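Everything on this sheet refers to the single structure shown next.
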Amino acid sequence: MTTDPDTAPDPRDRRGTLGLDSEGGWQIRFERRLRHPLDRVWQALVDPRQRAGWLPGVTLEARAGGVVVFDFGDEGRAEGEVLAVEPPHRLEHTWRWPGEPPATVRWELTGDATGTTLVLLHRPVRREPAVDYAVGWHAMLDALADLLGGAGAGEAASDYERLYALYRGDEADDRPPRHVRYKRLG
């Protein structure tokens, strides 16, 4: 684990970071290394049929002004609007969860000869729901990796109890949660 915000995490470490930006606002950041070409990862994000395999219940119209809906059934629903699309590198949208201040989610993809680095940034968030959001993003990004690796829809299963323990900081494997102070990105 690193606490330096400008140093990429170990690629085997799938944990996200919960931390404060330079202005004191809470944010969530994930960086995942995927062994798949940039265009393949981009299509999994923007193509509704592919996205349904790892983000069921999500509508994301990949165009500026497009509708964004994350429908989690009884757990709630986040809505938003697409702010920016720069294929195949960036997609940014608003996130409005009932009772919470508006936030922004940015998906950044960078490809090279061995795969794609995906960075997901969700900010600002209040400290209280940050753990819930981090658990959800962690599970969704695991499902994306599973889908890209050939698992069918619904085959991925996350251990939510373990993820909550990890992000609350009571994980039994002695790894601390990744809480860091880092400067505002972009």
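Residue numbering restarts at 1 in every chain; chains get A, B, ... in the order shown in the structure tokens, and ligands count up from 1 in that same order.
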Running DSSP on the backbone, which parts of chain A land in strand (DSSP E or B), as a PyMOL selection string?
chain A and resi 17-20+26-34+58-60+67-71+77-86+90-96+103-112+115-125+179-181
>> List the spatial neighbours of region 68-74 of chain A as a list of chain:residue names - criterion: any atom at most 10 Å away, only C-alpha atoms, same-chain residues fewer than 3 positions off excluded.
In response: A:Leu55, A:Pro56, A:Gly57, A:Val58, A:Thr59, A:Leu60, A:Glu61, A:Ala62, A:Gly65, A:Arg77, A:Ala78, A:Glu79, A:Gly80, A:Glu81, A:Val82, A:His93, A:Thr94, A:Trp95, A:Arg96, A:Trp97
Can you write just those residues out, all heavy atoms, as a compact mmCIF listing (two decimals), in the first residue's frame?
```txt
# COMPACT_ATOMS: atom_id res chain seq x y z
N LEU A 55 -22.85 -4.46 -14.82
CA LEU A 55 -23.58 -3.39 -14.14
C LEU A 55 -25.08 -3.53 -14.43
O LEU A 55 -25.69 -2.67 -15.06
CB LEU A 55 -23.12 -2.01 -14.64
CG LEU A 55 -21.84 -1.44 -14.09
CD1 LEU A 55 -21.51 -0.10 -14.74
CD2 LEU A 55 -21.89 -1.29 -12.59
N PRO A 56 -25.69 -4.61 -13.97
CA PRO A 56 -27.12 -4.78 -14.24
C PRO A 56 -27.92 -3.65 -13.58
O PRO A 56 -27.56 -3.18 -12.50
CB PRO A 56 -27.45 -6.14 -13.62
CG PRO A 56 -26.37 -6.40 -12.64
CD PRO A 56 -25.15 -5.67 -13.14
N GLY A 57 -28.96 -3.22 -14.25
CA GLY A 57 -29.80 -2.15 -13.71
C GLY A 57 -29.25 -0.76 -13.95
O GLY A 57 -29.75 0.21 -13.40
N VAL A 58 -28.20 -0.65 -14.78
CA VAL A 58 -27.59 0.65 -15.03
C VAL A 58 -27.87 1.10 -16.46
O VAL A 58 -27.69 0.34 -17.41
CB VAL A 58 -26.07 0.61 -14.78
CG1 VAL A 58 -25.41 1.91 -15.21
CG2 VAL A 58 -25.80 0.35 -13.31
N THR A 59 -28.33 2.32 -16.58
CA THR A 59 -28.49 2.99 -17.87
C THR A 59 -27.44 4.09 -17.92
O THR A 59 -27.33 4.88 -16.98
CB THR A 59 -29.89 3.62 -18.00
OG1 THR A 59 -30.86 2.59 -17.89
CG2 THR A 59 -30.04 4.36 -19.31
N LEU A 60 -26.67 4.11 -18.99
CA LEU A 60 -25.64 5.12 -19.14
C LEU A 60 -25.55 5.44 -20.63
O LEU A 60 -24.98 4.68 -21.39
CB LEU A 60 -24.31 4.60 -18.60
CG LEU A 60 -23.22 5.61 -18.31
CD1 LEU A 60 -22.24 5.05 -17.30
CD2 LEU A 60 -22.52 6.08 -19.54
N GLU A 61 -26.17 6.53 -21.01
CA GLU A 61 -26.14 6.95 -22.42
C GLU A 61 -24.84 7.70 -22.65
O GLU A 61 -24.69 8.84 -22.20
CB GLU A 61 -27.34 7.83 -22.73
CG GLU A 61 -28.66 7.11 -22.57
CD GLU A 61 -29.87 8.04 -22.74
OE1 GLU A 61 -29.71 9.28 -22.83
OE2 GLU A 61 -30.99 7.50 -22.77
N ALA A 62 -23.90 7.08 -23.34
CA ALA A 62 -22.54 7.60 -23.49
C ALA A 62 -22.46 8.73 -24.52
O ALA A 62 -21.84 8.61 -25.56
CB ALA A 62 -21.60 6.46 -23.86
N GLY A 65 -24.82 14.97 -22.08
CA GLY A 65 -26.24 15.19 -21.81
C GLY A 65 -27.04 13.92 -21.65
O GLY A 65 -28.23 13.96 -21.33
N ARG A 77 -31.48 4.34 -5.69
CA ARG A 77 -31.27 4.67 -7.10
C ARG A 77 -30.50 5.99 -7.20
O ARG A 77 -30.87 6.98 -6.58
CB ARG A 77 -32.65 4.82 -7.74
CG ARG A 77 -32.69 5.26 -9.15
CD ARG A 77 -34.16 5.38 -9.56
NE ARG A 77 -34.29 6.02 -10.84
CZ ARG A 77 -34.75 5.43 -11.92
NH1 ARG A 77 -35.14 4.17 -11.86
NH2 ARG A 77 -34.84 6.08 -13.05
N ALA A 78 -29.42 5.97 -7.94
CA ALA A 78 -28.67 7.19 -8.24
C ALA A 78 -28.99 7.59 -9.67
O ALA A 78 -29.12 6.73 -10.55
CB ALA A 78 -27.17 6.95 -8.09
N GLU A 79 -29.14 8.87 -9.88
CA GLU A 79 -29.41 9.38 -11.22
C GLU A 79 -28.38 10.45 -11.55
O GLU A 79 -27.77 11.02 -10.65
CB GLU A 79 -30.82 9.96 -11.28
CG GLU A 79 -31.89 8.92 -11.04
CD GLU A 79 -33.30 9.50 -11.12
OE1 GLU A 79 -33.45 10.74 -11.18
OE2 GLU A 79 -34.24 8.69 -11.12
N GLY A 80 -28.22 10.70 -12.82
CA GLY A 80 -27.27 11.73 -13.22
C GLY A 80 -27.36 12.02 -14.70
O GLY A 80 -28.28 11.57 -15.39
N GLU A 81 -26.38 12.78 -15.14
CA GLU A 81 -26.28 13.19 -16.53
C GLU A 81 -24.83 13.08 -16.96
O GLU A 81 -23.91 13.43 -16.20
CB GLU A 81 -26.75 14.64 -16.66
CG GLU A 81 -26.66 15.20 -18.06
CD GLU A 81 -27.11 16.65 -18.12
OE1 GLU A 81 -27.97 17.05 -17.31
OE2 GLU A 81 -26.61 17.37 -18.98
N VAL A 82 -24.61 12.62 -18.18
CA VAL A 82 -23.25 12.52 -18.71
C VAL A 82 -22.74 13.94 -18.99
O VAL A 82 -23.40 14.73 -19.67
CB VAL A 82 -23.20 11.66 -19.98
CG1 VAL A 82 -21.81 11.69 -20.61
CG2 VAL A 82 -23.61 10.22 -19.67
N HIS A 93 -19.76 11.63 -15.40
CA HIS A 93 -21.19 11.89 -15.21
C HIS A 93 -21.47 12.33 -13.78
O HIS A 93 -20.66 12.09 -12.87
CB HIS A 93 -22.02 10.64 -15.56
CG HIS A 93 -21.71 9.42 -14.77
ND1 HIS A 93 -22.23 9.17 -13.52
CD2 HIS A 93 -20.90 8.36 -15.06
CE1 HIS A 93 -21.78 8.01 -13.08
NE2 HIS A 93 -20.97 7.49 -13.99
N THR A 94 -22.61 12.96 -13.61
CA THR A 94 -23.02 13.35 -12.27
C THR A 94 -23.61 12.14 -11.57
O THR A 94 -23.98 11.14 -12.19
CB THR A 94 -24.05 14.50 -12.31
OG1 THR A 94 -25.19 14.09 -13.07
CG2 THR A 94 -23.45 15.76 -12.91
N TRP A 95 -23.70 12.25 -10.24
CA TRP A 95 -24.22 11.19 -9.38
C TRP A 95 -25.10 11.87 -8.33
O TRP A 95 -24.60 12.64 -7.50
CB TRP A 95 -23.06 10.46 -8.72
CG TRP A 95 -23.41 9.43 -7.70
CD1 TRP A 95 -23.68 9.65 -6.37
CD2 TRP A 95 -23.51 8.02 -7.89
NE1 TRP A 95 -23.94 8.45 -5.74
CE2 TRP A 95 -23.85 7.45 -6.65
CE3 TRP A 95 -23.36 7.20 -9.01
CZ2 TRP A 95 -24.02 6.08 -6.49
CZ3 TRP A 95 -23.53 5.84 -8.84
CH2 TRP A 95 -23.85 5.29 -7.61
N ARG A 96 -26.39 11.63 -8.41
CA ARG A 96 -27.32 12.19 -7.43
C ARG A 96 -28.03 11.05 -6.71
O ARG A 96 -28.83 10.34 -7.31
CB ARG A 96 -28.32 13.11 -8.12
CG ARG A 96 -27.70 14.38 -8.67
CD ARG A 96 -28.70 15.36 -9.25
NE ARG A 96 -29.59 14.79 -10.23
CZ ARG A 96 -29.34 14.67 -11.53
NH1 ARG A 96 -28.19 15.08 -12.01
NH2 ARG A 96 -30.22 14.14 -12.35
N TRP A 97 -27.67 10.88 -5.44
CA TRP A 97 -28.28 9.88 -4.57
C TRP A 97 -29.20 10.64 -3.63
O TRP A 97 -28.80 11.65 -3.06
CB TRP A 97 -27.20 9.12 -3.80
CG TRP A 97 -27.72 7.96 -3.04
CD1 TRP A 97 -28.18 7.97 -1.75
CD2 TRP A 97 -27.87 6.62 -3.50
NE1 TRP A 97 -28.59 6.70 -1.38
CE2 TRP A 97 -28.40 5.86 -2.44
CE3 TRP A 97 -27.58 5.98 -4.71
CZ2 TRP A 97 -28.67 4.50 -2.55
CZ3 TRP A 97 -27.84 4.63 -4.82
CH2 TRP A 97 -28.38 3.90 -3.76
```
- Hey, what does DSSP flag as alpha helix (DSSP H) within region 11-167 of chain A? Can you give it to me as a ChimeraX atom specification? /A:38-46,48-51,127-148,160-167
Can you tell me which residues surround Trp137 (chain A) at a distance of at most 12 Å, considering only C-alpha atoms, apart from same-chain residues fewer than 4 positions away, and format the answer as a compact mmCIF listing (two decimals) with all heavy atoms, in the first residue's frame?
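Output contents, as saved in selection_12.txt:
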```txt
# COMPACT_ATOMS: atom_id res chain seq x y z
N ARG A 14 -6.53 -4.57 -5.32
CA ARG A 14 -7.75 -4.11 -5.96
C ARG A 14 -8.53 -3.11 -5.12
O ARG A 14 -9.57 -2.65 -5.51
CB ARG A 14 -8.64 -5.31 -6.29
CG ARG A 14 -7.98 -6.26 -7.28
CD ARG A 14 -8.87 -7.43 -7.66
NE ARG A 14 -10.01 -7.60 -6.81
CZ ARG A 14 -10.27 -8.68 -6.07
NH1 ARG A 14 -9.45 -9.68 -6.07
NH2 ARG A 14 -11.35 -8.76 -5.33
N ARG A 15 -8.00 -2.79 -3.92
CA ARG A 15 -8.70 -1.85 -3.05
C ARG A 15 -8.72 -0.45 -3.62
O ARG A 15 -7.77 -0.01 -4.26
CB ARG A 15 -8.02 -1.79 -1.67
CG ARG A 15 -8.12 -3.06 -0.89
CD ARG A 15 -7.36 -2.97 0.40
NE ARG A 15 -5.93 -2.83 0.10
CZ ARG A 15 -5.01 -2.51 0.99
NH1 ARG A 15 -5.35 -2.28 2.23
NH2 ARG A 15 -3.75 -2.44 0.65
N GLY A 16 -9.78 0.25 -3.33
CA GLY A 16 -9.86 1.66 -3.65
C GLY A 16 -9.33 2.47 -2.48
O GLY A 16 -9.05 1.93 -1.41
N THR A 17 -9.19 3.76 -2.70
CA THR A 17 -8.78 4.65 -1.63
C THR A 17 -9.94 5.56 -1.27
O THR A 17 -10.68 6.02 -2.14
CB THR A 17 -7.56 5.50 -2.02
OG1 THR A 17 -7.84 6.21 -3.21
CG2 THR A 17 -6.33 4.64 -2.20
N LEU A 18 -10.08 5.81 0.01
CA LEU A 18 -11.02 6.79 0.52
C LEU A 18 -10.16 7.86 1.14
O LEU A 18 -9.32 7.56 1.99
CB LEU A 18 -11.92 6.17 1.60
CG LEU A 18 -12.74 4.99 1.14
CD1 LEU A 18 -12.56 3.81 2.08
CD2 LEU A 18 -14.17 5.39 1.07
N ILE A 28 -13.45 9.01 -3.48
CA ILE A 28 -13.12 7.59 -3.62
C ILE A 28 -12.35 7.46 -4.93
O ILE A 28 -12.75 8.03 -5.96
CB ILE A 28 -14.39 6.74 -3.67
CG1 ILE A 28 -15.18 6.90 -2.37
CG2 ILE A 28 -14.05 5.27 -3.94
CD1 ILE A 28 -16.60 6.40 -2.47
N ARG A 29 -11.27 6.69 -4.90
CA ARG A 29 -10.47 6.48 -6.11
C ARG A 29 -10.10 5.01 -6.22
O ARG A 29 -9.62 4.41 -5.25
CB ARG A 29 -9.20 7.31 -6.07
CG ARG A 29 -8.35 7.19 -7.33
CD ARG A 29 -7.10 8.07 -7.22
NE ARG A 29 -6.39 8.15 -8.46
CZ ARG A 29 -5.52 7.24 -8.90
NH1 ARG A 29 -5.27 6.16 -8.18
NH2 ARG A 29 -4.91 7.39 -10.05
N PHE A 30 -10.35 4.44 -7.38
CA PHE A 30 -9.92 3.08 -7.70
C PHE A 30 -9.00 3.16 -8.90
O PHE A 30 -9.24 3.93 -9.83
CB PHE A 30 -11.12 2.20 -8.08
CG PHE A 30 -11.87 1.67 -6.91
CD1 PHE A 30 -12.90 2.39 -6.34
CD2 PHE A 30 -11.55 0.43 -6.36
CE1 PHE A 30 -13.60 1.91 -5.26
CE2 PHE A 30 -12.25 -0.06 -5.27
CZ PHE A 30 -13.28 0.68 -4.72
N GLU A 31 -7.97 2.34 -8.88
CA GLU A 31 -7.12 2.16 -10.05
C GLU A 31 -6.98 0.65 -10.25
O GLU A 31 -6.46 -0.05 -9.39
CB GLU A 31 -5.76 2.80 -9.86
CG GLU A 31 -4.89 2.68 -11.09
CD GLU A 31 -3.64 3.54 -11.00
OE1 GLU A 31 -3.69 4.64 -10.41
OE2 GLU A 31 -2.61 3.09 -11.54
N ARG A 32 -7.48 0.19 -11.38
CA ARG A 32 -7.43 -1.24 -11.70
C ARG A 32 -6.65 -1.45 -12.99
O ARG A 32 -6.85 -0.74 -13.97
CB ARG A 32 -8.84 -1.81 -11.89
CG ARG A 32 -9.70 -1.81 -10.65
CD ARG A 32 -9.28 -2.92 -9.68
NE ARG A 32 -10.14 -2.98 -8.53
CZ ARG A 32 -11.16 -3.81 -8.39
NH1 ARG A 32 -11.46 -4.66 -9.33
NH2 ARG A 32 -11.88 -3.79 -7.28
N TRP A 54 -22.07 -6.68 -16.22
CA TRP A 54 -21.33 -6.34 -14.99
C TRP A 54 -21.96 -5.20 -14.20
O TRP A 54 -21.66 -5.02 -13.02
CB TRP A 54 -19.86 -6.05 -15.30
CG TRP A 54 -19.61 -4.83 -16.14
CD1 TRP A 54 -19.75 -4.72 -17.49
CD2 TRP A 54 -19.14 -3.56 -15.69
NE1 TRP A 54 -19.41 -3.46 -17.91
CE2 TRP A 54 -19.02 -2.73 -16.82
CE3 TRP A 54 -18.80 -3.04 -14.44
CZ2 TRP A 54 -18.59 -1.41 -16.74
CZ3 TRP A 54 -18.37 -1.73 -14.37
CH2 TRP A 54 -18.27 -0.93 -15.51
N LEU A 55 -22.85 -4.46 -14.82
CA LEU A 55 -23.58 -3.39 -14.14
C LEU A 55 -25.08 -3.53 -14.43
O LEU A 55 -25.69 -2.67 -15.06
CB LEU A 55 -23.12 -2.01 -14.64
CG LEU A 55 -21.84 -1.44 -14.09
CD1 LEU A 55 -21.51 -0.10 -14.74
CD2 LEU A 55 -21.89 -1.29 -12.59
N PHE A 70 -28.38 4.42 -11.98
CA PHE A 70 -27.90 3.24 -11.29
C PHE A 70 -29.04 2.79 -10.40
O PHE A 70 -29.27 3.37 -9.34
CB PHE A 70 -26.66 3.55 -10.43
CG PHE A 70 -25.39 3.70 -11.20
CD1 PHE A 70 -25.13 4.85 -11.95
CD2 PHE A 70 -24.42 2.71 -11.17
CE1 PHE A 70 -23.95 4.99 -12.65
CE2 PHE A 70 -23.24 2.85 -11.87
CZ PHE A 70 -23.00 3.99 -12.62
N VAL A 105 -18.73 11.29 -11.05
CA VAL A 105 -17.99 10.04 -11.24
C VAL A 105 -17.24 10.15 -12.57
O VAL A 105 -17.85 10.48 -13.59
CB VAL A 105 -18.93 8.81 -11.25
CG1 VAL A 105 -18.15 7.54 -11.57
CG2 VAL A 105 -19.65 8.69 -9.92
N TRP A 107 -14.62 8.09 -15.16
CA TRP A 107 -13.98 6.85 -15.59
C TRP A 107 -12.87 7.25 -16.55
O TRP A 107 -13.15 7.86 -17.59
CB TRP A 107 -14.97 5.97 -16.34
CG TRP A 107 -16.24 5.65 -15.62
CD1 TRP A 107 -17.34 6.47 -15.50
CD2 TRP A 107 -16.58 4.44 -14.97
NE1 TRP A 107 -18.32 5.83 -14.80
CE2 TRP A 107 -17.89 4.58 -14.47
CE3 TRP A 107 -15.90 3.24 -14.76
CZ2 TRP A 107 -18.53 3.57 -13.76
CZ3 TRP A 107 -16.54 2.23 -14.07
CH2 TRP A 107 -17.84 2.40 -13.57
N VAL A 119 -9.09 4.11 -14.09
CA VAL A 119 -9.16 4.90 -12.86
C VAL A 119 -10.60 5.38 -12.74
O VAL A 119 -11.15 5.98 -13.66
CB VAL A 119 -8.19 6.10 -12.87
CG1 VAL A 119 -8.40 6.98 -11.65
CG2 VAL A 119 -6.75 5.61 -12.95
N LEU A 120 -11.21 5.09 -11.59
CA LEU A 120 -12.55 5.57 -11.28
C LEU A 120 -12.42 6.54 -10.11
O LEU A 120 -11.81 6.20 -9.09
CB LEU A 120 -13.46 4.42 -10.90
CG LEU A 120 -14.90 4.85 -10.58
CD1 LEU A 120 -15.89 3.90 -11.22
CD2 LEU A 120 -15.13 4.93 -9.09
N LEU A 121 -12.96 7.72 -10.27
CA LEU A 121 -12.91 8.75 -9.24
C LEU A 121 -14.33 9.21 -8.96
O LEU A 121 -15.06 9.60 -9.89
CB LEU A 121 -12.05 9.91 -9.71
CG LEU A 121 -11.77 11.04 -8.74
CD1 LEU A 121 -11.02 10.54 -7.52
CD2 LEU A 121 -10.97 12.13 -9.44
N HIS A 122 -14.76 9.15 -7.71
CA HIS A 122 -16.11 9.56 -7.28
C HIS A 122 -15.93 10.64 -6.21
O HIS A 122 -15.41 10.36 -5.13
CB HIS A 122 -16.85 8.35 -6.71
CG HIS A 122 -18.26 8.60 -6.31
ND1 HIS A 122 -19.13 7.58 -6.10
CD2 HIS A 122 -18.97 9.73 -6.06
CE1 HIS A 122 -20.31 8.06 -5.73
NE2 HIS A 122 -20.22 9.37 -5.70
N ALA A 130 -19.25 7.00 2.28
CA ALA A 130 -18.08 6.67 1.46
C ALA A 130 -17.77 5.18 1.48
O ALA A 130 -17.42 4.60 0.46
CB ALA A 130 -16.87 7.49 1.90
N VAL A 131 -17.89 4.54 2.64
CA VAL A 131 -17.62 3.10 2.73
C VAL A 131 -18.62 2.33 1.87
O VAL A 131 -18.24 1.42 1.13
CB VAL A 131 -17.65 2.61 4.20
CG1 VAL A 131 -17.68 1.09 4.27
CG2 VAL A 131 -16.44 3.14 4.94
N ASP A 132 -19.91 2.70 1.95
CA ASP A 132 -20.93 2.02 1.13
C ASP A 132 -20.62 2.16 -0.35
O ASP A 132 -20.68 1.19 -1.11
CB ASP A 132 -22.32 2.60 1.41
CG ASP A 132 -22.81 2.30 2.81
OD1 ASP A 132 -22.47 1.23 3.35
OD2 ASP A 132 -23.53 3.14 3.36
N TYR A 133 -20.29 3.37 -0.76
CA TYR A 133 -19.96 3.60 -2.17
C TYR A 133 -18.72 2.81 -2.58
O TYR A 133 -18.67 2.21 -3.66
CB TYR A 133 -19.73 5.08 -2.46
CG TYR A 133 -20.94 5.97 -2.36
CD1 TYR A 133 -20.81 7.32 -2.09
CD2 TYR A 133 -22.23 5.49 -2.57
CE1 TYR A 133 -21.90 8.17 -2.02
CE2 TYR A 133 -23.34 6.31 -2.50
CZ TYR A 133 -23.17 7.65 -2.23
OH TYR A 133 -24.25 8.49 -2.17
N LEU A 141 -16.34 -3.19 -10.13
CA LEU A 141 -15.09 -3.32 -10.88
C LEU A 141 -14.60 -4.77 -10.90
O LEU A 141 -14.02 -5.22 -11.90
CB LEU A 141 -14.03 -2.37 -10.33
CG LEU A 141 -14.35 -0.88 -10.52
CD1 LEU A 141 -13.33 -0.03 -9.79
CD2 LEU A 141 -14.44 -0.52 -12.00
N ASP A 142 -14.84 -5.51 -9.82
CA ASP A 142 -14.54 -6.95 -9.86
C ASP A 142 -15.39 -7.64 -10.92
O ASP A 142 -14.91 -8.50 -11.65
CB ASP A 142 -14.83 -7.59 -8.50
CG ASP A 142 -13.74 -7.34 -7.46
OD1 ASP A 142 -12.70 -6.74 -7.79
OD2 ASP A 142 -13.95 -7.75 -6.30
N ALA A 143 -16.67 -7.26 -11.00
CA ALA A 143 -17.56 -7.86 -12.00
C ALA A 143 -17.11 -7.51 -13.41
O ALA A 143 -17.19 -8.34 -14.32
CB ALA A 143 -19.00 -7.41 -11.75
N LEU A 144 -16.62 -6.29 -13.62
CA LEU A 144 -16.08 -5.91 -14.93
C LEU A 144 -14.89 -6.80 -15.29
O LEU A 144 -14.82 -7.33 -16.40
CB LEU A 144 -15.67 -4.44 -14.93
CG LEU A 144 -14.87 -3.97 -16.15
CD1 LEU A 144 -15.67 -4.12 -17.44
CD2 LEU A 144 -14.39 -2.54 -15.96
N SER A 158 -19.50 -11.20 -5.12
CA SER A 158 -18.63 -10.49 -4.20
C SER A 158 -18.94 -10.88 -2.77
O SER A 158 -20.09 -11.15 -2.43
CB SER A 158 -18.82 -8.98 -4.37
OG SER A 158 -18.33 -8.57 -5.62
N TYR A 160 -19.51 -9.34 0.20
CA TYR A 160 -19.80 -8.01 0.70
C TYR A 160 -19.41 -7.84 2.16
O TYR A 160 -18.95 -6.77 2.56
CB TYR A 160 -21.28 -7.66 0.47
CG TYR A 160 -21.58 -7.37 -0.98
CD1 TYR A 160 -22.13 -8.35 -1.79
CD2 TYR A 160 -21.27 -6.15 -1.53
CE1 TYR A 160 -22.38 -8.10 -3.13
CE2 TYR A 160 -21.51 -5.88 -2.87
CZ TYR A 160 -22.07 -6.86 -3.67
OH TYR A 160 -22.31 -6.61 -4.99
N LEU A 163 -15.79 -7.13 2.11
CA LEU A 163 -15.52 -5.80 1.56
C LEU A 163 -15.86 -4.70 2.57
O LEU A 163 -15.11 -3.73 2.72
CB LEU A 163 -16.29 -5.58 0.26
CG LEU A 163 -15.80 -6.39 -0.94
CD1 LEU A 163 -16.71 -6.16 -2.14
CD2 LEU A 163 -14.36 -6.05 -1.28
N TYR A 164 -16.98 -4.84 3.26
CA TYR A 164 -17.32 -3.84 4.29
C TYR A 164 -16.26 -3.82 5.37
O TYR A 164 -15.84 -2.75 5.82
CB TYR A 164 -18.71 -4.09 4.88
CG TYR A 164 -19.80 -3.42 4.09
CD1 TYR A 164 -20.61 -4.15 3.23
CD2 TYR A 164 -20.00 -2.05 4.18
CE1 TYR A 164 -21.60 -3.53 2.49
CE2 TYR A 164 -20.98 -1.42 3.43
CZ TYR A 164 -21.78 -2.16 2.59
OH TYR A 164 -22.74 -1.54 1.85
N TYR A 167 -13.12 -1.94 4.01
CA TYR A 167 -13.21 -0.49 3.91
C TYR A 167 -13.53 0.20 5.23
O TYR A 167 -13.25 1.39 5.38
CB TYR A 167 -14.21 -0.09 2.81
CG TYR A 167 -13.63 -0.38 1.45
CD1 TYR A 167 -14.04 -1.47 0.70
CD2 TYR A 167 -12.61 0.41 0.94
CE1 TYR A 167 -13.48 -1.75 -0.53
CE2 TYR A 167 -12.03 0.14 -0.29
CZ TYR A 167 -12.47 -0.95 -1.02
OH TYR A 167 -11.89 -1.23 -2.22
```
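The nearest approach to Gly24 (chain A) among the residues A:Pro129, A:Met140, A:Pro124, A:Ala134, with only C-alpha atoms taken into account, belongs to A:Pro124.
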Residues of region 55-157 of chain A that have any atom at most 10 Å from an atom of region 36-49 of chain A: could you tabulate them with the shortest-distance atom pair and the distance in Å to one decimal, using only C-alpha atoms, ordered by chain and increasing number, as CSV?
```
residue,atom,partner,partner_atom,distance
A:Leu55,CA,A:Leu45,CA,8.9
A:Pro56,CA,A:Pro48,CA,9.5
A:Val58,CA,A:Pro48,CA,8.5
A:Thr59,CA,A:Pro48,CA,7.4
A:Leu60,CA,A:Val46,CA,7.1
A:Glu61,CA,A:Val46,CA,7.5
A:Ala62,CA,A:Val46,CA,5.9
A:Arg63,CA,A:Val46,CA,9.5
A:Pro87,CA,A:Trp42,CA,7.5
A:Pro88,CA,A:Trp42,CA,5.6
A:His89,CA,A:Trp42,CA,7.5
A:Arg90,CA,A:Trp42,CA,8.9
A:Leu91,CA,A:Val46,CA,8.9
A:Trp107,CA,A:Leu45,CA,9.0
A:Glu108,CA,A:Trp42,CA,9.6
A:Leu109,CA,A:Leu38,CA,7.0
A:Thr110,CA,A:Leu38,CA,6.8
A:Gly111,CA,A:Leu38,CA,5.0
A:Asp112,CA,A:Leu38,CA,7.7
A:Ala113,CA,A:Pro37,CA,8.0
A:Thr114,CA,A:His36,CA,7.4
A:Gly115,CA,A:His36,CA,4.6
A:Thr116,CA,A:Leu38,CA,5.3
A:Thr117,CA,A:Leu38,CA,8.3
A:Leu118,CA,A:Val41,CA,8.6
A:Leu144,CA,A:Ala44,CA,7.7
A:Ala145,CA,A:Val41,CA,9.2
A:Leu147,CA,A:Ala44,CA,8.5
A:Leu148,CA,A:His36,CA,7.3
A:Gly149,CA,A:His36,CA,8.5
```
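Taking CA of Arg126 (chain A) as the reference point, CA of Pro101 (chain A) is found at 7.9 Å.
For the pair CA of Gly150 (chain A) and CA of Glu75 (chain A), the separation is 28.2 Å.
Taking CA of Asp21 (chain A) and CA of Val125 (chain A) as endpoints, the distance between them is 10.8 Å.
Minimum atom-to-atom distance to Leu34 (chain A), evaluated using only C-alpha atoms, belongs to A:Asp146 out of A:Asp146, A:Gly99, A:Leu166, A:Gly53.
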